[in-house]
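Have a look at target_29.csv; it's CSV, C-alpha atoms and all ligand atoms:
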chain,number,residue,atom,x,y,z
A,18,MET,CA,10.6,152.7,-5.0
A,19,ALA,CA,9.0,149.4,-6.1
A,20,GLU,CA,5.7,148.3,-4.5
A,21,ALA,CA,6.1,145.5,-2.0
A,22,GLY,CA,5.8,142.1,-3.6
A,23,LYS,CA,6.3,143.4,-7.1
A,24,THR,CA,9.6,143.2,-9.1
A,25,PRO,CA,10.1,146.3,-11.1
A,26,HIS,CA,9.8,145.5,-14.9
A,27,SER,CA,13.2,145.9,-16.6
A,28,PRO,CA,13.0,147.9,-19.8
A,29,LEU,CA,15.5,145.4,-21.3
A,30,ALA,CA,14.9,141.7,-22.0
A,31,LEU,CA,18.3,139.9,-21.9
A,32,GLU,CA,18.9,136.3,-23.1
A,33,ARG,CA,22.0,134.3,-23.8
A,34,ILE,CA,22.2,132.0,-26.8
A,35,GLY,CA,25.6,130.4,-26.7
A,36,PRO,CA,28.2,133.1,-27.2
A,37,VAL,CA,25.5,135.7,-28.3
A,38,LEU,CA,23.8,138.1,-25.8
A,39,MET,CA,20.4,139.1,-27.0
A,40,VAL,CA,19.4,142.6,-25.8
A,41,GLY,CA,15.7,143.4,-26.3
A,42,LEU,CA,14.2,146.8,-25.9
A,43,ASP,CA,11.2,145.9,-23.8
A,44,ARG,CA,8.6,148.7,-23.7
A,45,PRO,CA,6.4,147.4,-26.5
A,46,GLN,CA,3.3,149.2,-25.1
A,47,LYS,CA,5.2,152.5,-25.8
A,48,ARG,CA,6.7,151.2,-29.1
A,49,ASN,CA,10.1,151.0,-27.3
A,50,ALA,CA,10.3,154.7,-26.9
A,51,LEU,CA,13.6,155.5,-25.3
A,52,ASN,CA,13.1,157.0,-21.8
A,53,ASP,CA,15.8,157.7,-19.3
A,54,GLU,CA,15.3,154.4,-17.6
A,55,LEU,CA,15.8,152.5,-20.8
A,56,ILE,CA,18.9,154.5,-21.8
A,57,ALA,CA,20.4,153.9,-18.3
A,58,ALA,CA,19.7,150.1,-18.6
A,59,LEU,CA,21.3,150.0,-22.0
A,60,ASP,CA,24.3,151.9,-20.7
A,61,ALA,CA,24.7,149.5,-17.7
A,62,CYS,CA,24.3,146.5,-20.0
A,63,PHE,CA,27.0,147.7,-22.5
A,64,SER,CA,29.3,148.7,-19.6
A,65,ASP,CA,29.4,145.2,-18.3
A,66,ILE,CA,29.7,142.7,-21.1
A,67,SER,CA,30.8,139.3,-19.8
A,68,PRO,CA,34.1,138.2,-21.3
A,69,ASP,CA,32.5,135.0,-22.7
A,70,VAL,CA,30.0,137.1,-24.8
A,71,ARG,CA,31.3,137.1,-28.4
A,72,ALA,CA,28.6,139.1,-30.2
A,73,ILE,CA,25.4,141.0,-29.3
A,74,LEU,CA,22.0,141.1,-31.0
A,75,LEU,CA,20.0,144.3,-30.3
A,76,HIS,CA,16.3,144.1,-31.1
A,77,GLY,CA,12.9,145.4,-30.2
A,78,ILE,CA,10.2,143.4,-28.3
A,79,GLY,CA,6.8,143.8,-30.1
A,80,SER,CA,6.2,145.1,-33.6
A,81,HIS,CA,8.6,148.0,-33.6
A,82,PHE,CA,12.3,148.5,-33.1
A,83,SER,CA,11.9,151.9,-31.4
A,84,ALA,CA,9.8,155.1,-31.7
A,85,GLY,CA,12.7,157.2,-30.6
A,86,LEU,CA,12.9,159.6,-27.8
A,87,ASP,CA,10.2,159.2,-25.2
A,88,LEU,CA,8.4,162.5,-25.9
A,89,SER,CA,6.5,162.4,-22.5
A,90,GLU,CA,9.8,163.2,-20.8
A,91,LEU,CA,10.8,166.1,-23.0
A,92,SER,CA,8.7,168.9,-21.5
A,93,GLU,CA,10.3,168.5,-18.1
A,94,ARG,CA,13.8,169.5,-19.3
A,95,ASP,CA,15.3,173.0,-19.5
A,96,VAL,CA,18.1,173.9,-22.0
A,97,PHE,CA,21.0,172.7,-19.9
A,98,ALA,CA,19.2,169.5,-18.8
A,99,GLY,CA,18.7,168.9,-22.5
A,100,VAL,CA,22.4,169.2,-23.2
A,101,LEU,CA,23.2,166.7,-20.4
A,102,HIS,CA,20.4,164.4,-21.6
A,103,SER,CA,21.9,164.3,-25.1
A,104,ARG,CA,25.3,163.7,-23.7
A,105,SER,CA,24.0,160.8,-21.7
A,106,TRP,CA,22.7,159.2,-25.0
A,107,HIS,CA,26.1,159.9,-26.5
A,108,ARG,CA,27.9,158.0,-23.7
A,109,CYS,CA,25.4,155.1,-24.0
A,110,PHE,CA,25.5,154.8,-27.8
A,111,GLU,CA,29.4,155.1,-27.8
A,112,LYS,CA,29.4,152.1,-25.6
A,113,ILE,CA,27.5,150.3,-28.3
A,114,GLU,CA,29.6,151.6,-31.2
A,115,PHE,CA,32.8,150.8,-29.4
A,116,ALA,CA,31.6,147.6,-27.6
A,117,PRO,CA,34.2,144.9,-27.1
A,118,VAL,CA,32.3,142.7,-29.5
A,119,PRO,CA,30.2,143.2,-32.6
A,120,VAL,CA,26.6,144.4,-32.3
A,121,VAL,CA,23.9,143.4,-34.8
A,122,ALA,CA,20.7,145.3,-34.7
A,123,VAL,CA,17.5,143.7,-36.0
A,124,LEU,CA,15.0,146.3,-37.2
A,125,LYS,CA,11.2,146.2,-37.8
A,126,GLY,CA,8.3,148.6,-37.7
A,127,ALA,CA,9.3,152.1,-36.5
A,128,VAL,CA,13.0,152.8,-36.6
A,129,VAL,CA,12.5,156.5,-36.0
A,130,GLY,CA,14.3,159.5,-34.5
A,131,GLY,CA,16.4,158.3,-31.6
A,132,GLY,CA,15.6,154.7,-32.5
A,133,LEU,CA,17.3,155.2,-35.8
A,134,GLU,CA,20.2,156.9,-34.0
A,135,LEU,CA,20.5,153.8,-31.8
A,136,ALA,CA,20.4,151.5,-34.8
A,137,ALA,CA,23.2,153.5,-36.4
A,138,ALA,CA,25.4,152.8,-33.4
A,139,ALA,CA,25.3,149.0,-34.2
A,140,HIS,CA,27.8,147.5,-36.6
A,141,VAL,CA,25.5,145.5,-38.8
A,142,ARG,CA,21.8,146.1,-39.4
A,143,VAL,CA,19.2,143.5,-40.5
A,144,ALA,CA,15.8,144.9,-41.5
A,145,GLU,CA,12.5,143.0,-41.7
A,146,ARG,CA,10.2,144.2,-44.5
A,147,THR,CA,8.0,146.0,-42.0
A,148,ALA,CA,10.8,148.4,-41.0
A,149,PHE,CA,10.5,152.1,-41.8
A,150,TYR,CA,12.9,154.9,-41.2
A,151,ALA,CA,12.1,158.5,-40.3
A,152,LEU,CA,13.6,161.5,-38.5
A,153,PRO,CA,10.5,163.4,-37.3
A,154,GLU,CA,12.5,165.8,-35.2
A,155,GLY,CA,11.5,168.6,-37.6
A,156,GLN,CA,7.8,168.0,-36.9
A,157,ARG,CA,8.5,167.8,-33.2
A,158,GLY,CA,10.5,171.0,-33.1
A,159,ILE,CA,13.7,169.3,-31.8
A,160,PHE,CA,17.0,168.1,-33.3
A,161,VAL,CA,18.7,164.7,-33.2
A,162,GLY,CA,20.6,164.2,-29.9
A,163,GLY,CA,21.9,160.7,-29.9
A,164,GLY,CA,24.8,161.1,-32.2
A,165,GLY,CA,22.6,160.9,-35.3
A,166,SER,CA,24.3,163.9,-37.0
A,167,VAL,CA,27.6,162.2,-36.8
A,168,ARG,CA,26.6,158.6,-37.5
A,169,LEU,CA,23.7,158.9,-40.0
A,170,PRO,CA,25.6,160.9,-42.6
A,171,ARG,CA,28.2,158.1,-42.7
A,172,LEU,CA,25.4,155.7,-43.7
A,173,ILE,CA,23.2,157.8,-45.9
A,174,GLY,CA,24.9,161.1,-46.6
A,175,VAL,CA,24.2,164.6,-45.3
A,176,ALA,CA,21.8,165.6,-48.1
A,177,ARG,CA,19.5,162.6,-47.5
A,178,MET,CA,19.5,163.1,-43.8
A,179,ALA,CA,18.7,166.9,-44.2
A,180,ASP,CA,15.9,166.0,-46.6
A,181,MET,CA,14.4,163.5,-44.0
A,182,MET,CA,14.6,166.1,-41.3
A,183,LEU,CA,13.3,169.0,-43.3
A,184,THR,CA,10.5,167.3,-45.2
A,185,GLY,CA,9.5,164.4,-42.8
A,186,ARG,CA,10.3,161.9,-45.6
A,187,SER,CA,10.3,158.3,-44.5
A,188,TYR,CA,12.0,155.3,-46.2
A,189,SER,CA,10.8,151.7,-46.4
A,190,ALA,CA,12.9,148.7,-45.5
A,191,GLU,CA,13.4,147.9,-49.2
A,192,ASP,CA,14.7,151.5,-49.9
A,193,GLY,CA,16.8,151.3,-46.8
A,194,ILE,CA,18.9,148.5,-48.3
A,195,GLY,CA,19.8,150.6,-51.3
A,196,ILE,CA,20.6,153.8,-49.4
A,197,GLY,CA,22.6,152.2,-46.6
A,198,PHE,CA,20.3,152.0,-43.5
A,199,SER,CA,20.6,148.2,-43.4
A,200,GLN,CA,22.9,145.6,-44.9
A,201,TYR,CA,20.3,142.8,-44.9
A,202,LEU,CA,16.6,142.5,-45.6
A,203,THR,CA,14.4,139.7,-44.4
A,204,GLU,CA,10.7,138.8,-44.5
A,205,GLU,CA,8.5,139.7,-41.5
A,206,GLY,CA,9.4,137.5,-38.5
A,207,GLU,CA,12.7,136.3,-39.9
A,208,GLY,CA,15.0,139.1,-38.7
A,209,LEU,CA,16.0,137.6,-35.4
A,210,ALA,CA,17.0,134.3,-37.0
A,211,LYS,CA,19.1,136.1,-39.6
A,212,GLY,CA,20.6,138.4,-37.1
A,213,LEU,CA,21.4,135.5,-34.8
A,214,SER,CA,23.1,133.5,-37.6
A,215,LEU,CA,25.2,136.6,-38.5
A,216,ALA,CA,26.1,137.2,-34.8
A,217,GLU,CA,27.1,133.5,-34.5
A,218,ALA,CA,29.3,133.9,-37.5
A,219,MET,CA,31.0,137.0,-36.0
A,220,ALA,CA,31.4,135.1,-32.7
A,221,ARG,CA,33.5,132.5,-34.6
A,222,ASN,CA,35.9,135.2,-35.8
A,223,ALA,CA,39.2,135.8,-34.0
A,224,PRO,CA,38.3,138.3,-31.2
A,225,LEU,CA,41.3,140.5,-32.1
A,226,THR,CA,40.0,140.9,-35.7
A,227,ASN,CA,36.6,141.8,-34.4
A,228,PHE,CA,38.2,144.3,-32.0
A,229,ALA,CA,40.2,145.8,-35.0
A,230,VAL,CA,37.1,146.2,-37.1
A,231,ILE,CA,35.1,147.9,-34.3
A,232,GLN,CA,37.9,150.0,-32.7
A,233,ALA,CA,40.5,150.6,-35.4
A,234,LEU,CA,38.5,150.7,-38.7
A,235,PRO,CA,36.2,153.7,-38.0
A,236,ARG,CA,39.0,155.7,-36.5
A,237,ILE,CA,41.3,154.9,-39.4
A,238,ALA,CA,38.5,155.9,-41.9
A,239,ASP,CA,38.1,159.2,-40.0
A,240,SER,CA,41.7,160.1,-39.8
A,241,ASP,CA,44.2,161.8,-42.1
A,242,PRO,CA,45.3,159.1,-44.6
A,243,ARG,CA,48.9,159.3,-43.6
A,244,VAL,CA,47.9,158.6,-39.9
A,245,GLY,CA,45.5,156.0,-41.2
A,246,TYR,CA,48.1,154.0,-43.1
A,247,LEU,CA,50.3,153.9,-40.1
A,248,MET,CA,47.5,152.8,-37.8
A,249,GLU,CA,46.5,150.2,-40.3
A,250,SER,CA,50.0,148.7,-40.5
A,251,LEU,CA,50.3,148.6,-36.7
A,252,MET,CA,46.9,147.0,-36.3
A,253,ALA,CA,47.7,144.5,-39.0
A,254,ALA,CA,50.9,143.5,-37.3
A,255,VAL,CA,49.2,143.2,-33.9
A,256,ALA,CA,46.5,140.9,-35.4
A,257,GLN,CA,49.0,138.8,-37.4
A,258,GLY,CA,51.2,138.4,-34.4
A,259,ASP,CA,48.4,136.8,-32.4
A,260,GLY,CA,48.6,133.0,-31.9
A,261,GLU,CA,45.0,132.6,-33.1
A,262,ALA,CA,45.9,134.2,-36.5
A,263,LYS,CA,48.8,131.9,-36.9
A,264,ALA,CA,46.7,128.8,-36.1
A,265,ARG,CA,43.9,129.9,-38.5
A,266,MET,CA,46.4,130.4,-41.3
A,267,ARG,CA,47.9,126.9,-40.7
A,268,ASP,CA,44.4,125.4,-40.7
A,269,PHE,CA,43.8,126.9,-44.1
A,270,LEU,CA,47.2,125.9,-45.6
A,271,GLU,CA,46.7,122.3,-44.2
A,272,LYS,CA,43.2,122.2,-45.7
A,273,ARG,CA,41.3,122.2,-42.4
A,274,ALA,CA,39.6,125.6,-42.9
A,275,ALA,CA,36.6,126.5,-44.9
A,276,LYS,CA,37.1,128.1,-48.3
A,277,VAL,CA,35.6,131.5,-49.1
A,278,SER,CA,32.1,131.0,-50.5
A,279,ARG,CA,30.4,132.7,-53.5
A,280,PRO,CA,27.4,135.0,-52.7
A,281,GLU,CA,24.1,133.1,-52.2
B,301,LIG,C1,5.2,157.2,-27.4
B,301,LIG,C2,6.2,157.4,-28.5
B,301,LIG,C3,7.2,158.3,-28.2
B,301,LIG,C4,4.7,156.0,-29.2
B,301,LIG,N1,7.3,158.9,-27.0
B,301,LIG,N2,5.3,157.8,-26.2
B,301,LIG,N3,9.4,159.9,-32.0
B,301,LIG,C5,8.3,160.2,-32.8
B,301,LIG,O1,7.9,161.3,-33.1
B,301,LIG,C6,7.5,158.9,-33.1
B,301,LIG,C7,6.1,159.0,-32.4
B,301,LIG,N4,5.4,157.7,-32.5
B,301,LIG,C8,4.7,157.4,-33.6
B,301,LIG,O2,4.7,158.1,-34.6
B,301,LIG,C9,3.8,156.2,-33.5
B,301,LIG,O3,3.6,155.9,-32.1
B,301,LIG,C10,4.5,154.9,-34.2
B,301,LIG,C11,4.5,155.1,-35.7
B,301,LIG,C12,5.9,154.7,-33.6
B,301,LIG,C13,3.7,153.6,-33.8
B,301,LIG,O4,2.3,153.8,-34.1
B,301,LIG,P1,1.2,152.9,-33.4
B,301,LIG,O5,-0.1,153.3,-34.0
B,301,LIG,O6,1.7,151.5,-33.5
B,301,LIG,O7,1.2,153.2,-31.9
B,301,LIG,P2,0.6,154.5,-31.1
B,301,LIG,O8,-0.8,154.2,-30.8
B,301,LIG,O9,0.9,155.8,-31.7
B,301,LIG,O10,1.4,154.5,-29.7
B,301,LIG,C14,1.2,153.5,-28.7
B,301,LIG,C15,1.6,154.2,-27.4
B,301,LIG,O11,3.0,154.5,-27.4
B,301,LIG,C16,0.9,155.5,-27.2
B,301,LIG,O12,0.7,155.6,-25.8
B,301,LIG,P3,-0.7,155.3,-25.1
B,301,LIG,O13,-0.5,155.6,-23.7
B,301,LIG,O14,-1.7,156.2,-25.8
B,301,LIG,O15,-1.0,153.9,-25.4
B,301,LIG,C17,1.9,156.5,-27.6
B,301,LIG,O16,1.7,157.8,-27.1
B,301,LIG,C18,3.2,155.9,-27.2
B,301,LIG,N5,4.3,156.3,-27.9
B,301,LIG,N6,5.8,156.7,-29.5
B,301,LIG,C19,6.4,158.6,-26.0
B,301,LIG,N7,8.2,158.5,-29.1
B,301,LIG,C20,17.9,162.3,-28.5
B,301,LIG,S1,16.9,163.1,-29.6
B,301,LIG,C21,15.9,162.0,-30.4
B,301,LIG,C22,14.8,162.7,-31.0
B,301,LIG,C23,13.7,161.8,-31.4
B,301,LIG,O17,13.7,160.6,-31.2
B,301,LIG,S2,12.4,162.5,-32.2
B,301,LIG,C24,11.3,161.3,-32.6
B,301,LIG,C25,10.3,161.0,-31.6
What would the structure in this file look like if it were written as structure tokens?
Amino acid sequence: MAEAGKTPHSPLALERIGPVLMVGLDRPQKRNALNDELIAALDACFSDISPDVRAILLHGIGSHFSAGLDLSELSERDVFAGVLHSRSWHRCFEKIEFAPVPVVAVLKGAVVGGGLELAAAAHVRVAERTAFYALPEGQRGIFVGGGGSVRLPRLIGVARMADMMLTGRSYSAEDGIGIGFSQYLTEEGEGLAKGLSLAEAMARNAPLTNFAVIQALPRIADSDPRVGYLMESLMAAVAQGDGEAKARMRDFLEKRAAKVSRPE
């Protein structure tokens, strides 16, 4: 119960910038370690995305994205409570992975353990040069529990993930670009601006295309190719049939839409 006269501090800092909802992990004194309260707040936030939000920016307040599981809570759990705890992370991170709108994660400092699992649930990752990635579960005597063994091999492969967990190897932000942890690299302090401009660009896409990328693409990629081709043709027809697609194609043909630009 909160003390009289004091508002309990939320572990999330929420801010709206036009169509973008900024979701900040806000436990900088604990390096944004993910405790039950923070996971519950994230779950509630991603369960109730306002229909006028068109993209989400997930970031960490302070110098680190997240130090992963809050280790101070671990000793209180027995085996079955551990299973339920992991399942609660799965539910929360699935809401991020299958959010109604794209999620951009801005990474800096520690992106470790469960923090890396959380980052892997986002659709696009921007890393500042200070970011570093590690899976210290081996040293702590535990295992990933936030969907990392499913999502991280898709980004970096099973062999690399096994090496990180077995040897405690960590990767820099620069290395992380080459091996698939992040798609963008920025200087220190520039990640939020880059992430916001990407989120704003995504917010300008047709919502149905964003939906197809988030909901259909990963499922098609995971499915038997014969099922995948059918799902793709159905999704393509649904997207093309939408009035917004027709208007956007007319805009291009009548020279009102931007051309595709070359890489910077
Ligand atoms: C924490 C945590 C935490 C910091 N749980 N309290 N994760 C880890 O094994 C990472 C552990 N953390 C670290 O290695 C370092 O803290 C950092 C490299 C992230 C940052 O170092 P630094 O020097 O900036 O901070 P610090 O002094 O180590 O920590 C500041 C405070 O945050 C300190 O508490 P204080 O009360 O002494 O001030 C730390 O104890 C606290 N803190 N990280 C709890 N993780 C679903 S399964 C997922 C499995 C995992 O995620 S395993 C990985 C766990």
Exercise: Gly193 (chain A) partners within 12 Å, all atoms listed in the file, chain neighbours under 5 positions left out, as a list in words: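 Listing them by chain and then by number gives Leu124, Lys125, Val128, Leu133, Arg142, Val143, Ala144, Glu145, Arg146, Thr147, Ala148, Phe149, Tyr150, Ala151, Leu172, Ile173, Arg177, Ser187, Tyr188, Phe198, Ser199, Gln200, Tyr201 and Leu202 of chain A.
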Distance filter 9 Å around ligand LIG 301 (chain B), atoms: all atoms listed in the file, out as a PyMOL selection string: chain A and resi 44-52+80-91+99+102-104+106-107+126-134+151-165
Given only C-alpha atoms as the counted atoms, nearest of A:Asp180, A:Thr226, A:Glu271, A:Pro235 to Ala254 (chain A):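 Closest to Ala254 (chain A), using only C-alpha atoms: A:Thr226.
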Length of the CA of Phe228 (chain A) to CA of Val118 (chain A) vector [Å]: 6.6 Å
Between CA of Asp69 (chain A) and CA of Arg221 (chain A), distance in Å (one decimal):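 Separating CA of Asp69 (chain A) from CA of Arg221 (chain A) is a distance of 12.2 Å.
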Atomic distance CA of Lys112 (chain A) - CA of Ser27 (chain A), expressed in Å with one decimal: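 Result for CA of Lys112 (chain A) versus CA of Ser27 (chain A): 19.5 Å, one decimal.
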